[in-house]
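I have placed the structure first, in the form of structure tokens, so that the comments after it can refer back to it.
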Amino acid sequence: MSIVALTGGVGGAKLALGLQRVLAPDALVLVVNTGDDFVHLGLHVSPDIDTVVYTLTGLVNVETGWGRADETWTFMQALAGLGGETWFRLGDGDLAMHVERTRRLAAGESLSAVTAHLARRLGLGVKILPMSDDPVRTRIVTADGELDFQNYFVERRCVPVVTALGYAGADTARPAPGVLEALRAPGLEAVVICPSNPWLSIDPILAVPALRVALHDCAAPVIAVSPLVGGQAVKGPTAKIMAELGMPVYAAAVARHYEGLLDGFVLDERDAGDAAQIGVPVCIADTLMRDLADRERLARTTLEFAGTLAGGRGAP
Ligand code: GDP
């Protein structure tokens, strides 16, 4: 039995933690967005991988949902004193992750090998795979011009109006080792698309051609968990981007966005009125994950729902 989950950072990591807690360690494979990766201060930063690793190891700062708890900021303060770039904040402990990742990549290791090493060193049992070892970079076309992901997300705080999105490098990117194997595994029971931002966190994963095909062809049901609660994003620009792209801001539009890939959709109970607009079987649940119990409950609900859909896939 195994489950593959596709995830971005904070929102997706919440459900990934729930899945980790209700599944055996060898039963879960996480495929993580690397479209947000960038080189900053000479260091390779993988924000979503780090958020997932910190969340699943309990190292995360629970207030922000990203970065480490009990972090110190001596490096940032010293850098500010030198007139350096401080718009992207790197805590002292977090810095070690980026330095070690960068050193290993420069020595010729792949991102997936480095990620596996760092996760193992931090005591993680589940498999964390970058979507690709090849660089894919999310580009945001805005009314103020085209921006790199982090310039849009962190430096400009998602203020510029988004008109289009691109995933540079995706066309030729190959899934990282282990991704296709996980999607084709005979014991695969479900693929869960976590409640991450569809445009910023999940689409870069789906933009890797062979990965998308494998998802389309996989024998297990593919379930998405809505990233909207009560027609709004819990955090971040999901709803803002939907509106800016001219889409109605409701959960059915997210389901429609994944059309052709989905076998089921977990809809928040506050959005139950949208159910008729969703073209695949729907499970209505409380998807707001406030605490650990919520994360576990939603993970169980999602897996049980997937169980009801198993066998329906690939039927003529
Ligand atoms: P990022 O990579 O850090 O921006 O985070 P993600 O893309 O993984 O997550 C952002 C999405 O997670 C937003 O659409 C939020 O609405 C959604 N989200 C965050 N917390 C929750 C939650 O508790 N329940 C649900 N259903 N969605 C959530």
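Residue numbers start at 1 in each chain; chains themselves are named A, B, ... in the order of the structure tokens; ligands are numbered from 1 in the order shown.
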List all protein, DNA and RNA residues that have at least one atom no more than 8 Å from any atom of ligand 1, counting only C-alpha atoms and all ligand atoms, and write them as a PyMOL selection string.
chain A and resi 7-15+47-48+51+65-66+194-198+200-202+225-229+232-239+268+287-290+295
From the DSSP assignment of the backbone, select every residue of segment 89-248 of chain A that is helix (DSSP H, G or I), and format the answer as JSON, numbers by chain.
{"A": [92, 93, 94, 95, 96, 97, 98, 99, 100, 101, 102, 103, 104, 105, 106, 111, 112, 113, 114, 115, 116, 117, 118, 119, 120, 121, 149, 150, 151, 152, 153, 154, 155, 170, 171, 172, 179, 180, 181, 182, 183, 184, 198, 199, 200, 201, 202, 203, 204, 205, 206, 209, 210, 211, 212, 213, 214, 215, 216, 217, 238, 239, 240, 241, 242, 243, 244]}
Can you list, as a PyMOL selection string, every protein, DNA or RNA residue that comes within 8 Å of segment 208-210 of chain A when you count only C-alpha atoms, leaving out same-chain residues fewer than 4 positions away?
chain A and resi 131-132+170-175+204+214
Would you output that residue set with N, CA and C atoms, as a PDB file, in the first residue's frame?
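Final output, saved to out-v8.pdb:
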ATOM      1  N   MET A 131      10.088  17.487  -7.385  1.00  0.00           N
ATOM      2  CA  MET A 131       9.377  17.052  -8.607  1.00  0.00           C
ATOM      3  C   MET A 131      10.360  16.734  -9.732  1.00  0.00           C
ATOM      4  N   SER A 132      11.486  17.456  -9.744  1.00  0.00           N
ATOM      5  CA  SER A 132      12.487  17.249 -10.789  1.00  0.00           C
ATOM      6  C   SER A 132      13.849  17.672 -10.264  1.00  0.00           C
ATOM      7  N   ALA A 170      10.242  23.787 -17.631  1.00  0.00           N
ATOM      8  CA  ALA A 170       9.375  22.622 -17.388  1.00  0.00           C
ATOM      9  C   ALA A 170       9.290  21.697 -18.605  1.00  0.00           C
ATOM     10  N   ASP A 171       9.257  22.287 -19.783  1.00  0.00           N
ATOM     11  CA  ASP A 171       9.068  21.479 -21.004  1.00  0.00           C
ATOM     12  C   ASP A 171      10.082  20.357 -21.136  1.00  0.00           C
ATOM     13  N   THR A 172      11.317  20.636 -20.711  1.00  0.00           N
ATOM     14  CA  THR A 172      12.373  19.625 -20.870  1.00  0.00           C
ATOM     15  C   THR A 172      12.739  18.958 -19.543  1.00  0.00           C
ATOM     16  N   ALA A 173      12.050  19.348 -18.473  1.00  0.00           N
ATOM     17  CA  ALA A 173      12.385  18.765 -17.160  1.00  0.00           C
ATOM     18  C   ALA A 173      11.889  17.325 -17.072  1.00  0.00           C
ATOM     19  N   ARG A 174      12.703  16.486 -16.463  1.00  0.00           N
ATOM     20  CA  ARG A 174      12.296  15.088 -16.244  1.00  0.00           C
ATOM     21  C   ARG A 174      11.912  14.922 -14.775  1.00  0.00           C
ATOM     22  N   PRO A 175      10.982  14.060 -14.480  1.00  0.00           N
ATOM     23  CA  PRO A 175      10.652  13.820 -13.071  1.00  0.00           C
ATOM     24  C   PRO A 175      11.906  13.316 -12.343  1.00  0.00           C
ATOM     25  N   PRO A 204       3.390  23.965 -11.281  1.00  0.00           N
ATOM     26  CA  PRO A 204       4.774  23.689 -11.687  1.00  0.00           C
ATOM     27  C   PRO A 204       5.072  22.182 -11.693  1.00  0.00           C
ATOM     28  N   ALA A 214       2.153  10.472 -16.314  1.00  0.00           N
ATOM     29  CA  ALA A 214       2.102   9.357 -15.346  1.00  0.00           C
ATOM     30  C   ALA A 214       0.911   9.527 -14.398  1.00  0.00           C
TER      31      ALA A 214
END
Write out as a VMD selection string each polymer residue whose atoms come within 9 Å of segment 138-155 of chain A, counting only C-alpha atoms; drop sequence neighbours fewer than 4 positions from it.
chain A and resid 34 to 38 87 to 88 159 to 168 200 204 237
Near Leu211 of chain A, within 7 Å and counting only C-alpha atoms, which residues show up once chain neighbours fewer than 4 positions away are dropped, as a list in words?
Pro175, Leu180, Leu206 and Leu215 of chain A
Tell me, as number ranges by chain, which residues lie within 6 Å of Val4 of chain A, counting only C-alpha atoms; anything in the same chain fewer than 5 positions away does not count.
A: 28-30, 191
Deliver the residues from the most recent selection as a file, using N, CA and C atoms, as a PDB file, in the first residue's frame.
ATOM      1  N   LEU A  28       4.315   6.449   2.331  1.00  0.00           N
ATOM      2  CA  LEU A  28       4.051   7.806   1.840  1.00  0.00           C
ATOM      3  C   LEU A  28       5.232   8.348   1.042  1.00  0.00           C
ATOM      4  N   VAL A  29       4.925   8.824  -0.156  1.00  0.00           N
ATOM      5  CA  VAL A  29       5.928   9.498  -0.988  1.00  0.00           C
ATOM      6  C   VAL A  29       5.402  10.905  -1.266  1.00  0.00           C
ATOM      7  N   LEU A  30       6.215  11.910  -0.949  1.00  0.00           N
ATOM      8  CA  LEU A  30       5.808  13.289  -1.199  1.00  0.00           C
ATOM      9  C   LEU A  30       6.579  13.840  -2.389  1.00  0.00           C
ATOM     10  N   VAL A 191      -3.414   9.037  -5.195  1.00  0.00           N
ATOM     11  CA  VAL A 191      -2.556  10.219  -5.321  1.00  0.00           C
ATOM     12  C   VAL A 191      -3.364  11.375  -4.743  1.00  0.00           C
TER      13      VAL A 191
END
Closest of A:Val280, A:Leu59, A:Ala80, A:Ala176 to Gly260 of chain A, counting only C-alpha atoms, is A:Val280
Go through A:Thr102, A:Thr72, A:Thr86, A:Thr57 and flag the residue nearest Arg121 of chain A, using only C-alpha atoms for the distances.
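With only C-alpha atoms as the atom set, the closest residue is A:Thr57.
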From a backbone DSSP assignment, name each residue in segment 171-278 of chain A labelled strand (DSSP E), as a list of chain:residue names.
A:Leu188, A:Glu189, A:Ala190, A:Val191, A:Val192, A:Ile193, A:Val222, A:Ile223, A:Ala224, A:Val225, A:Leu228, A:Val229, A:Gln232, A:Ala233, A:Gly264, A:Phe265, A:Val266, A:Leu267, A:Asp268
Do you have the atom CA of Ala113 of chain A-atom CA of Ala96 of chain A distance handy?
17.0 Å
